[in-house]
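Structure file entry31.cif (mmCIF, C-alpha atoms) is printed below.
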```
data_data
loop_
_atom_site.label_atom_id
_atom_site.label_comp_id
_atom_site.auth_asym_id
_atom_site.auth_seq_id
_atom_site.Cartn_x
_atom_site.Cartn_y
_atom_site.Cartn_z
CA MET K 191 0.21 -13.93 -32.78
CA ILE K 192 3.56 -15.76 -32.80
CA PHE K 193 6.50 -13.48 -33.55
CA LYS K 194 9.37 -14.74 -35.68
CA SER K 195 12.69 -15.60 -34.08
CA SER K 196 15.65 -13.33 -34.86
CA THR K 197 17.68 -16.43 -35.73
CA ALA K 198 15.09 -17.55 -38.28
CA ALA K 199 14.45 -14.22 -40.03
CA VAL K 200 15.90 -10.72 -39.95
CA PRO K 201 13.44 -8.60 -37.93
CA ASP K 202 12.64 -4.95 -38.36
CA THR K 203 14.94 -2.55 -36.51
CA PRO K 204 12.76 0.32 -35.30
CA ARG K 205 14.46 3.53 -34.21
CA VAL K 206 12.52 3.41 -30.94
CA PRO K 207 12.81 -0.09 -29.46
CA ARG K 208 9.56 -1.96 -29.85
CA HIS K 209 10.37 -4.09 -26.81
CA ILE K 210 12.56 -3.12 -23.84
CA ALA K 211 13.52 -5.63 -21.14
CA ILE K 212 14.98 -4.47 -17.83
CA ILE K 213 16.70 -6.06 -14.84
CA MET K 214 15.86 -3.57 -12.11
CA ASP K 215 18.97 -3.98 -9.95
CA GLY K 216 20.30 -1.93 -7.06
CA ASN K 217 17.27 -1.32 -4.82
CA GLY K 218 18.95 -2.76 -1.73
CA ARG K 219 22.27 -1.02 -2.33
CA TRP K 220 20.45 2.27 -2.95
CA ALA K 221 18.87 1.95 0.50
CA THR K 222 22.04 0.76 2.26
CA LYS K 223 23.96 3.72 0.87
CA ARG K 224 21.39 5.97 2.58
CA LEU K 225 21.46 3.99 5.86
CA LEU K 226 17.89 2.80 5.19
CA PRO K 227 16.47 -0.72 5.41
CA ARG K 228 16.63 -2.63 2.12
CA VAL K 229 12.83 -2.61 1.81
CA ALA K 230 12.95 1.18 1.49
CA GLY K 231 14.86 0.69 -1.74
CA HIS K 232 12.24 -1.72 -3.05
CA VAL K 233 9.47 0.77 -2.23
CA LYS K 234 11.38 3.51 -4.05
CA GLY K 235 11.92 1.09 -6.92
CA VAL K 236 8.16 0.80 -7.44
CA GLU K 237 8.06 4.57 -7.99
CA ALA K 238 10.79 4.21 -10.62
CA VAL K 239 8.68 1.57 -12.38
CA ARG K 240 5.80 4.01 -12.60
CA GLY K 241 8.02 6.65 -14.20
CA VAL K 242 9.51 4.25 -16.74
CA VAL K 243 6.09 2.86 -17.70
CA GLU K 244 4.84 6.40 -18.35
CA ALA K 245 7.98 7.19 -20.34
CA CYS K 246 7.57 4.08 -22.49
CA VAL K 247 4.01 5.08 -23.32
CA GLU K 248 5.13 8.58 -24.30
CA ARG K 249 7.98 7.28 -26.48
CA GLY K 250 5.92 4.69 -28.33
CA VAL K 251 7.46 1.54 -26.84
CA GLU K 252 4.99 -1.32 -27.27
CA TYR K 253 6.36 -3.91 -24.81
CA LEU K 254 8.14 -3.40 -21.49
CA THR K 255 9.37 -6.45 -19.56
CA LEU K 256 10.59 -6.12 -15.98
CA PHE K 257 12.50 -8.74 -13.98
CA ALA K 258 10.90 -8.35 -10.56
CA PHE K 259 11.74 -11.61 -8.79
CA SER K 260 13.91 -14.42 -10.10
CA SER K 261 13.62 -18.10 -9.25
CA GLU K 262 16.94 -17.63 -7.41
CA ASN K 263 15.68 -14.73 -5.27
CA TRP K 264 14.08 -17.21 -2.85
CA ARG K 265 17.64 -17.58 -1.52
CA ARG K 266 17.45 -14.10 -0.01
CA PRO K 267 16.69 -13.60 3.71
CA GLN K 268 13.15 -14.72 4.53
CA GLU K 269 12.21 -11.32 5.95
CA GLU K 270 13.16 -9.59 2.68
CA VAL K 271 11.27 -12.17 0.59
CA SER K 272 8.15 -11.69 2.72
CA LEU K 273 8.39 -7.92 2.37
CA LEU K 274 8.77 -8.25 -1.40
CA MET K 275 5.64 -10.39 -1.58
CA ARG K 276 3.65 -7.83 0.42
CA LEU K 277 4.99 -5.06 -1.80
CA PHE K 278 3.87 -7.01 -4.86
CA VAL K 279 0.33 -7.22 -3.44
CA THR K 280 0.31 -3.51 -2.60
CA ALA K 281 1.56 -2.56 -6.05
CA LEU K 282 -1.18 -4.63 -7.70
CA GLU K 283 -3.82 -3.00 -5.50
CA ARG K 284 -2.62 0.51 -6.32
CA GLU K 285 -1.45 0.33 -9.91
CA VAL K 286 -3.79 -1.97 -11.87
CA SER K 287 -6.67 0.52 -12.04
CA LYS K 288 -4.30 3.24 -13.30
CA MET K 289 -2.85 0.89 -15.90
CA HIS K 290 -6.30 -0.09 -17.10
CA ALA K 291 -7.39 3.55 -17.33
CA ASN K 292 -4.34 4.25 -19.52
CA ASN K 293 -4.96 1.32 -21.88
CA ILE K 294 -1.97 -0.66 -20.52
CA ARG K 295 -2.02 -4.45 -20.48
CA LEU K 296 -0.42 -6.33 -17.59
CA LYS K 297 1.07 -9.81 -17.87
CA VAL K 298 2.88 -11.74 -15.13
CA VAL K 299 5.03 -14.68 -16.22
CA GLY K 300 6.93 -17.27 -14.23
CA ASP K 301 6.18 -20.24 -12.02
CA LEU K 302 3.42 -18.62 -9.99
CA SER K 303 2.50 -21.82 -8.14
CA ARG K 304 4.86 -20.96 -5.27
CA PHE K 305 3.05 -17.71 -4.50
CA ASP K 306 0.31 -17.31 -1.92
CA PRO K 307 -3.13 -18.21 -3.39
CA LYS K 308 -4.37 -14.65 -2.71
CA LEU K 309 -1.52 -13.21 -4.76
CA GLN K 310 -2.14 -15.72 -7.56
CA GLU K 311 -5.79 -14.67 -7.65
CA MET K 312 -4.88 -10.98 -7.73
CA ILE K 313 -2.52 -11.59 -10.64
CA ALA K 314 -5.16 -13.53 -12.58
CA ASN K 315 -7.75 -10.80 -11.98
CA ALA K 316 -5.35 -8.05 -13.07
CA GLU K 317 -4.49 -9.91 -16.27
CA ARG K 318 -8.15 -10.48 -17.09
CA ARG K 319 -9.07 -6.87 -16.39
CA THR K 320 -6.37 -5.45 -18.67
CA ALA K 321 -6.38 -8.18 -21.35
CA GLY K 322 -8.01 -5.98 -24.00
CA ASN K 323 -5.64 -3.04 -23.58
CA SER K 324 -3.24 -2.24 -26.41
CA ARG K 325 -1.21 0.92 -25.76
CA LEU K 326 1.62 -0.85 -23.91
CA THR K 327 2.09 -4.40 -22.63
CA VAL K 328 3.94 -4.48 -19.31
CA THR K 329 5.22 -7.92 -18.38
CA VAL K 330 6.41 -8.59 -14.84
CA CYS K 331 8.65 -11.65 -14.55
CA ALA K 332 8.10 -13.15 -11.09
CA ASN K 333 9.62 -16.42 -9.88
CA TYR K 334 10.94 -16.54 -13.40
CA GLY K 335 14.14 -18.00 -14.79
CA GLY K 336 15.29 -18.32 -18.39
CA ARG K 337 16.20 -21.98 -17.95
CA TRP K 338 12.81 -22.68 -16.34
CA ASP K 339 11.15 -21.03 -19.33
CA ILE K 340 13.02 -23.16 -21.87
CA MET K 341 12.41 -26.36 -19.89
CA GLN K 342 8.67 -25.76 -19.42
CA ALA K 343 8.33 -24.86 -23.10
CA THR K 344 10.21 -28.00 -24.12
CA GLY K 345 7.93 -30.15 -22.00
CA LYS K 346 4.82 -28.62 -23.57
CA MET K 347 6.29 -28.98 -27.06
CA VAL K 348 7.01 -32.68 -26.56
CA GLN K 349 3.53 -33.23 -25.14
CA ALA K 350 1.97 -31.41 -28.10
CA ASN K 351 3.91 -33.54 -30.60
CA PRO K 352 3.66 -37.15 -29.40
CA GLY K 353 6.04 -39.48 -31.18
CA ALA K 354 8.13 -36.69 -32.71
CA THR K 355 11.89 -37.19 -32.65
CA GLU K 356 12.96 -33.96 -34.33
CA PHE K 357 11.99 -30.48 -33.22
CA THR K 358 12.40 -26.93 -34.52
CA GLU K 359 12.41 -23.41 -33.09
CA GLU K 360 9.00 -22.90 -34.66
CA MET K 361 7.64 -25.84 -32.68
CA LEU K 362 9.05 -24.54 -29.39
CA ALA K 363 8.19 -20.83 -29.78
CA PRO K 364 4.44 -21.01 -29.02
CA HIS K 365 5.16 -22.58 -25.63
CA LEU K 366 7.60 -19.97 -24.32
CA ALA K 367 6.21 -17.84 -21.50
CA MET K 368 6.34 -14.68 -23.63
CA ALA K 369 5.18 -16.06 -26.97
CA TYR K 370 2.77 -13.10 -27.15
CA ALA K 371 5.63 -10.59 -27.51
CA PRO K 372 8.43 -9.96 -30.01
CA GLU K 373 11.99 -10.53 -28.83
CA PRO K 374 13.46 -7.56 -26.93
CA ASP K 375 15.28 -4.97 -29.01
CA LEU K 376 16.98 -3.43 -25.98
CA PHE K 377 18.04 -5.03 -22.69
CA ILE K 378 18.88 -2.73 -19.78
CA ARG K 379 20.46 -3.66 -16.47
CA THR K 380 20.85 -1.07 -13.74
CA GLY K 381 23.03 -1.24 -10.65
CA GLY K 382 26.47 -1.75 -12.18
CA GLU K 383 26.41 -5.51 -12.77
CA GLU K 384 27.06 -6.73 -16.32
CA ARG K 385 25.33 -10.08 -16.69
CA ILE K 386 21.87 -11.30 -17.69
CA SER K 387 21.31 -13.49 -14.60
CA ASN K 388 19.10 -16.19 -16.12
CA PHE K 389 16.70 -13.62 -17.61
CA LEU K 390 15.04 -14.29 -20.99
CA LEU K 391 17.89 -16.57 -22.11
CA TRP K 392 16.11 -17.57 -25.31
CA GLN K 393 14.60 -14.19 -26.13
CA LEU K 394 17.74 -12.06 -25.68
CA ALA K 395 19.65 -13.81 -28.49
CA TYR K 396 19.98 -10.62 -30.56
CA ALA K 397 19.01 -7.88 -28.11
CA GLU K 398 21.27 -4.86 -27.73
CA LEU K 399 22.71 -4.89 -24.20
CA TYR K 400 22.99 -1.73 -22.10
CA PHE K 401 24.49 -1.61 -18.60
CA THR K 402 24.47 1.37 -16.26
CA ASP K 403 25.86 2.00 -12.76
CA THR K 404 22.66 3.86 -11.84
CA PHE K 405 20.69 2.09 -9.12
CA TRP K 406 17.14 1.29 -10.15
CA PRO K 407 15.41 3.77 -7.78
CA ASP K 408 17.40 6.54 -9.52
CA PHE K 409 16.59 5.34 -13.05
CA THR K 410 14.55 8.18 -14.50
CA PRO K 411 12.88 8.76 -17.88
CA GLU K 412 16.01 10.74 -18.78
CA ALA K 413 18.12 7.68 -17.99
CA LEU K 414 15.82 5.65 -20.21
CA ASP K 415 16.42 8.16 -23.00
CA GLU K 416 20.19 7.66 -22.59
CA ALA K 417 19.72 3.91 -22.98
CA ILE K 418 17.55 4.38 -26.06
CA GLY K 419 20.12 6.82 -27.44
CA SER K 420 22.84 4.18 -27.05
CA TYR K 421 20.61 1.65 -28.80
CA GLN K 422 20.09 4.05 -31.70
CA GLN K 423 23.86 4.23 -32.26
CA ARG K 424 24.16 0.46 -32.72
CA GLU K 425 24.30 -1.27 -36.09
CA ARG K 426 21.99 -4.26 -35.80
CA ARG K 427 23.26 -6.83 -38.29
CA PHE K 428 21.68 -10.15 -37.26
CA GLY K 429 24.51 -12.09 -38.90
CA GLN K 430 24.72 -9.86 -41.97
CA THR K 431 27.63 -7.63 -42.96
CA GLY K 432 27.64 -3.91 -42.37
CA ALA K 433 27.49 -3.36 -46.12
CA GLN K 434 24.31 -5.44 -46.40
CA VAL K 435 22.66 -3.40 -43.67
CA ALA K 436 23.74 -0.14 -45.29
CA ASN K 437 22.32 -1.20 -48.65
CA LYS K 438 18.95 -1.91 -47.05
CA THR K 439 18.76 1.53 -45.49
CA ASN K 440 19.82 3.43 -48.60
#
```
As structure tokens, how would this structure be written, given the file I've shared?
Amino acid sequence: MIFKSSTAAVPDTPRVPRHIAIIMDGNGRWATKRLLPRVAGHVKGVEAVRGVVEACVERGVEYLTLFAFSSENWRRPQEEVSLLMRLFVTALEREVSKMHANNIRLKVVGDLSRFDPKLQEMIANAERRTAGNSRLTVTVCANYGGRWDIMQATGKMVQANPGATEFTEEMLAPHLAMAYAPEPDLFIRTGGEERISNFLLWQLAYAELYFTDTFWPDFTPEALDEAIGSYQQRERRFGQTGAQVANKTN
């Protein structure tokens, strides 16, 4: 199913966000503040993921997208990158069976070619195993960048339309990495930074943005409720006037 773009049609505005996207920032600073190695923060961050996934299921969220490793994160110290890769393997080994048992689908998007072949195989197996699940779709963005996504989609679109000289959003949309999901309703970034850092550049066009100083390891289901509460106070107009929106809800 290809979901309509928010710039092409006015989407539904559910009270509970249908799709939440999160930049999980602050793991390293959480650890440093406690005089722990940075990897301790990443380990604690995995526990926070588990809590937020469970909370999304309970609250009726249909899609949860997590920015785990950006295409720019390769610039980090090699030791930290290696530890992150091992943590990714460990998380897959421990969590996929639980996700499958709870009817949760796992997707991993990004340029996976740079990962170790064993990790690529584990990702493919996890996606196949959970492909039929429908309660919640959890997408992990790994070696992902918004510009990479748009460029790879553009290349596929051109290849699929030989000789074409004019293109539309509808022609590009099926080739985006997350064409299987609606655009995010709510974007959350933890850790105090207020930028989107090359995450879902196309898809966040009309998302409601929420920033919090809370470091990711401390982001609890209650913190998620605060973010959803903020979202519920927004008037989502999608280019319309406030009066038009009010007339639709009356």
Worksheet entry | Contact residues around region 218-220 of chain K with all atoms listed in the file at 9 Å, ignoring same-chain residues under 4 positions, as a list in words |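 These residues fall inside the cut-off: Arg224, Leu226, Pro227, Arg228, Val229, Ala230, Gly231, His232, Gly381, Phe405, Trp406, Pro407 and Asp408 of chain K.
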Practice prompt. Name the residues in contact with Met289 (chain K) at a cut-off of 12 Å, using only C-alpha atoms, excluding same-chain residues fewer than 5 positions from it; report them as a list in words.
Written response: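 Everything that qualifies: Arg240, Val243, Glu244, Val247, Ala281, Leu282, Glu283, Arg284, Ile294, Arg295, Leu296, Lys297, Ala316, Glu317, Arg319, Thr320, Ala321, Gly322, Asn323, Ser324, Arg325, Leu326, Thr327 and Val328 of chain K.
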Worksheet item: Expressed in Å to a single decimal, how great is the separation between CA of Leu414 (chain K) and CA of Val239 (chain K)?
Response: 11.4 Å
Discussion item. Running the PyMOL selection byres ((chain K and resi 336) around 9) on this model by hand, what would come out? Give it as a VMD selection string.
Written reply: chain K and resid 334 to 335 337 to 341 387 to 393
Worksheet item: Contacts of Asn263 (chain K) at 10 Å or less, counting only C-alpha atoms, minus same-chain residues fewer than 6 places along, as a PyMOL selection string?
Response: chain K and resi 270-271+332-334
Discussion item. Can you spell out as a list in words the set of residues that the PyMOL selection byres ((chain K and resi 313) around 10) selects in the structure I just provided?
Written reply: Phe278, Val279, Leu282, Val286, Leu296, Lys297, Val298, Val299, Leu302, Pro307, Lys308, Leu309, Gln310, Glu311, Met312, Ala314, Asn315, Ala316, Glu317, Arg318 and Arg319 of chain K
Worksheet item: What is the CA of Thr358 (chain K)-CA of Phe377 (chain K) distance in Å, reported with one decimal?
Response: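 So the two atoms, CA of Thr358 (chain K) and CA of Phe377 (chain K), lie 25.5 Å apart.
The spacing separating CA of Leu366 (chain K) from CA of Val348 (chain K) amounts to 12.9 Å.
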Taking the point (11.7, -10.3, -27.2) as given in the file, collect each protein or nucleic acid residue that comes within 8 Å of it, counting all atoms listed in the file, and present the set as an mmCIF file with C-alpha atoms, keeping the file's coordinate frame.
```cif
data_model
loop_
_atom_site.group_PDB
_atom_site.id
_atom_site.type_symbol
_atom_site.label_atom_id
_atom_site.label_comp_id
_atom_site.auth_asym_id
_atom_site.auth_seq_id
_atom_site.Cartn_x
_atom_site.Cartn_y
_atom_site.Cartn_z
ATOM 1 C CA HIS K 209 10.370 -4.090 -26.810
ATOM 2 C CA ILE K 210 12.560 -3.120 -23.840
ATOM 3 C CA ALA K 211 13.520 -5.630 -21.140
ATOM 4 C CA MET K 368 6.340 -14.680 -23.630
ATOM 5 C CA ALA K 371 5.630 -10.590 -27.510
ATOM 6 C CA PRO K 372 8.430 -9.960 -30.010
ATOM 7 C CA GLU K 373 11.990 -10.530 -28.830
ATOM 8 C CA PRO K 374 13.460 -7.560 -26.930
ATOM 9 C CA ASP K 375 15.280 -4.970 -29.010
ATOM 10 C CA GLN K 393 14.600 -14.190 -26.130
ATOM 11 C CA LEU K 394 17.740 -12.060 -25.680
ATOM 12 C CA ALA K 397 19.010 -7.880 -28.110
#
```
All heavy atoms are needed for region 401-412 of chain K; please write them out as a PDB file, in the frame of the given file.
```pdb
ATOM      1  N   PHE K 401      24.270  -1.522 -20.036  1.00  0.00           N
ATOM      2  CA  PHE K 401      24.490  -1.610 -18.600  1.00  0.00           C
ATOM      3  C   PHE K 401      24.800  -0.217 -18.056  1.00  0.00           C
ATOM      4  O   PHE K 401      25.508   0.573 -18.677  1.00  0.00           O
ATOM      5  CB  PHE K 401      25.670  -2.546 -18.302  1.00  0.00           C
ATOM      6  CG  PHE K 401      25.461  -3.948 -18.813  1.00  0.00           C
ATOM      7  CD1 PHE K 401      26.044  -4.361 -20.000  1.00  0.00           C
ATOM      8  CD2 PHE K 401      24.672  -4.849 -18.111  1.00  0.00           C
ATOM      9  CE1 PHE K 401      25.851  -5.650 -20.488  1.00  0.00           C
ATOM     10  CE2 PHE K 401      24.468  -6.142 -18.590  1.00  0.00           C
ATOM     11  CZ  PHE K 401      25.066  -6.544 -19.773  1.00  0.00           C
ATOM     12  N   THR K 402      24.250   0.068 -16.884  1.00  0.00           N
ATOM     13  CA  THR K 402      24.470   1.370 -16.260  1.00  0.00           C
ATOM     14  C   THR K 402      24.737   1.178 -14.767  1.00  0.00           C
ATOM     15  O   THR K 402      24.186   0.273 -14.135  1.00  0.00           O
ATOM     16  CB  THR K 402      23.263   2.302 -16.461  1.00  0.00           C
ATOM     17  OG1 THR K 402      23.467   3.508 -15.706  1.00  0.00           O
ATOM     18  CG2 THR K 402      21.968   1.662 -15.992  1.00  0.00           C
ATOM     19  N   ASP K 403      25.576   2.050 -14.199  1.00  0.00           N
ATOM     20  CA  ASP K 403      25.860   2.000 -12.760  1.00  0.00           C
ATOM     21  C   ASP K 403      24.706   2.561 -11.936  1.00  0.00           C
ATOM     22  O   ASP K 403      24.667   2.382 -10.712  1.00  0.00           O
ATOM     23  CB  ASP K 403      27.129   2.795 -12.455  1.00  0.00           C
ATOM     24  CG  ASP K 403      28.384   2.127 -12.998  1.00  0.00           C
ATOM     25  OD1 ASP K 403      28.370   0.886 -13.159  1.00  0.00           O
ATOM     26  OD2 ASP K 403      29.375   2.831 -13.266  1.00  0.00           O
ATOM     27  N   THR K 404      23.786   3.251 -12.564  1.00  0.00           N
ATOM     28  CA  THR K 404      22.660   3.860 -11.840  1.00  0.00           C
ATOM     29  C   THR K 404      21.836   2.803 -11.133  1.00  0.00           C
ATOM     30  O   THR K 404      21.457   1.801 -11.732  1.00  0.00           O
ATOM     31  CB  THR K 404      21.760   4.637 -12.828  1.00  0.00           C
ATOM     32  OG1 THR K 404      22.535   5.631 -13.497  1.00  0.00           O
ATOM     33  CG2 THR K 404      20.595   5.294 -12.105  1.00  0.00           C
ATOM     34  N   PHE K 405      21.576   3.012  -9.853  1.00  0.00           N
ATOM     35  CA  PHE K 405      20.690   2.090  -9.120  1.00  0.00           C
ATOM     36  C   PHE K 405      19.261   2.284  -9.618  1.00  0.00           C
ATOM     37  O   PHE K 405      18.856   3.391  -9.977  1.00  0.00           O
ATOM     38  CB  PHE K 405      20.764   2.355  -7.610  1.00  0.00           C
ATOM     39  CG  PHE K 405      22.096   2.021  -6.988  1.00  0.00           C
ATOM     40  CD1 PHE K 405      22.631   2.834  -5.996  1.00  0.00           C
ATOM     41  CD2 PHE K 405      22.804   0.901  -7.389  1.00  0.00           C
ATOM     42  CE1 PHE K 405      23.857   2.531  -5.416  1.00  0.00           C
ATOM     43  CE2 PHE K 405      24.030   0.594  -6.820  1.00  0.00           C
ATOM     44  CZ  PHE K 405      24.565   1.415  -5.828  1.00  0.00           C
ATOM     45  N   TRP K 406      18.481   1.211  -9.589  1.00  0.00           N
ATOM     46  CA  TRP K 406      17.140   1.290 -10.150  1.00  0.00           C
ATOM     47  C   TRP K 406      16.287   2.424  -9.581  1.00  0.00           C
ATOM     48  O   TRP K 406      15.594   3.111 -10.350  1.00  0.00           O
ATOM     49  CB  TRP K 406      16.413  -0.059 -10.019  1.00  0.00           C
ATOM     50  CG  TRP K 406      15.002   0.030 -10.508  1.00  0.00           C
ATOM     51  CD1 TRP K 406      13.856  -0.037  -9.772  1.00  0.00           C
ATOM     52  CD2 TRP K 406      14.581   0.248 -11.869  1.00  0.00           C
ATOM     53  NE1 TRP K 406      12.742   0.134 -10.572  1.00  0.00           N
ATOM     54  CE2 TRP K 406      13.167   0.313 -11.863  1.00  0.00           C
ATOM     55  CE3 TRP K 406      15.262   0.407 -13.073  1.00  0.00           C
ATOM     56  CZ2 TRP K 406      12.435   0.509 -13.029  1.00  0.00           C
ATOM     57  CZ3 TRP K 406      14.532   0.616 -14.237  1.00  0.00           C
ATOM     58  CH2 TRP K 406      13.133   0.662 -14.206  1.00  0.00           C
ATOM     59  N   PRO K 407      16.266   2.683  -8.268  1.00  0.00           N
ATOM     60  CA  PRO K 407      15.410   3.770  -7.780  1.00  0.00           C
ATOM     61  C   PRO K 407      15.756   5.138  -8.384  1.00  0.00           C
ATOM     62  O   PRO K 407      14.918   6.040  -8.381  1.00  0.00           O
ATOM     63  CB  PRO K 407      15.667   3.769  -6.266  1.00  0.00           C
ATOM     64  CG  PRO K 407      16.055   2.364  -5.970  1.00  0.00           C
ATOM     65  CD  PRO K 407      16.891   1.938  -7.151  1.00  0.00           C
ATOM     66  N   ASP K 408      16.979   5.276  -8.903  1.00  0.00           N
ATOM     67  CA  ASP K 408      17.400   6.540  -9.520  1.00  0.00           C
ATOM     68  C   ASP K 408      17.265   6.524 -11.042  1.00  0.00           C
ATOM     69  O   ASP K 408      17.671   7.483 -11.707  1.00  0.00           O
ATOM     70  CB  ASP K 408      18.859   6.852  -9.157  1.00  0.00           C
ATOM     71  CG  ASP K 408      19.037   7.194  -7.686  1.00  0.00           C
ATOM     72  OD1 ASP K 408      18.103   7.765  -7.092  1.00  0.00           O
ATOM     73  OD2 ASP K 408      20.113   6.881  -7.136  1.00  0.00           O
ATOM     74  N   PHE K 409      16.696   5.461 -11.591  1.00  0.00           N
ATOM     75  CA  PHE K 409      16.590   5.340 -13.050  1.00  0.00           C
ATOM     76  C   PHE K 409      15.353   6.122 -13.505  1.00  0.00           C
ATOM     77  O   PHE K 409      14.217   5.704 -13.324  1.00  0.00           O
ATOM     78  CB  PHE K 409      16.486   3.877 -13.460  1.00  0.00           C
ATOM     79  CG  PHE K 409      16.689   3.645 -14.935  1.00  0.00           C
ATOM     80  CD1 PHE K 409      17.964   3.598 -15.479  1.00  0.00           C
ATOM     81  CD2 PHE K 409      15.601   3.480 -15.786  1.00  0.00           C
ATOM     82  CE1 PHE K 409      18.165   3.387 -16.839  1.00  0.00           C
ATOM     83  CE2 PHE K 409      15.782   3.274 -17.149  1.00  0.00           C
ATOM     84  CZ  PHE K 409      17.071   3.220 -17.677  1.00  0.00           C
ATOM     85  N   THR K 410      15.596   7.244 -14.120  1.00  0.00           N
ATOM     86  CA  THR K 410      14.550   8.180 -14.500  1.00  0.00           C
ATOM     87  C   THR K 410      14.199   8.043 -15.978  1.00  0.00           C
ATOM     88  O   THR K 410      14.900   7.364 -16.734  1.00  0.00           O
ATOM     89  CB  THR K 410      15.035   9.619 -14.254  1.00  0.00           C
ATOM     90  OG1 THR K 410      16.207   9.837 -15.075  1.00  0.00           O
ATOM     91  CG2 THR K 410      15.393   9.835 -12.786  1.00  0.00           C
ATOM     92  N   PRO K 411      13.139   8.714 -16.442  1.00  0.00           N
ATOM     93  CA  PRO K 411      12.880   8.760 -17.880  1.00  0.00           C
ATOM     94  C   PRO K 411      14.060   9.297 -18.685  1.00  0.00           C
ATOM     95  O   PRO K 411      14.294   8.864 -19.814  1.00  0.00           O
ATOM     96  CB  PRO K 411      11.656   9.682 -17.981  1.00  0.00           C
ATOM     97  CG  PRO K 411      10.931   9.457 -16.696  1.00  0.00           C
ATOM     98  CD  PRO K 411      12.019   9.294 -15.662  1.00  0.00           C
ATOM     99  N   GLU K 412      14.819  10.224 -18.098  1.00  0.00           N
ATOM    100  CA  GLU K 412      16.010  10.740 -18.780  1.00  0.00           C
ATOM    101  C   GLU K 412      17.063   9.653 -18.924  1.00  0.00           C
ATOM    102  O   GLU K 412      17.757   9.562 -19.956  1.00  0.00           O
ATOM    103  CB  GLU K 412      16.581  11.932 -18.008  1.00  0.00           C
ATOM    104  CG  GLU K 412      15.723  13.182 -18.038  1.00  0.00           C
ATOM    105  CD  GLU K 412      14.461  13.084 -17.179  1.00  0.00           C
ATOM    106  OE1 GLU K 412      14.459  12.295 -16.205  1.00  0.00           O
ATOM    107  OE2 GLU K 412      13.470  13.788 -17.488  1.00  0.00           O
TER     108      GLU K 412
END
```
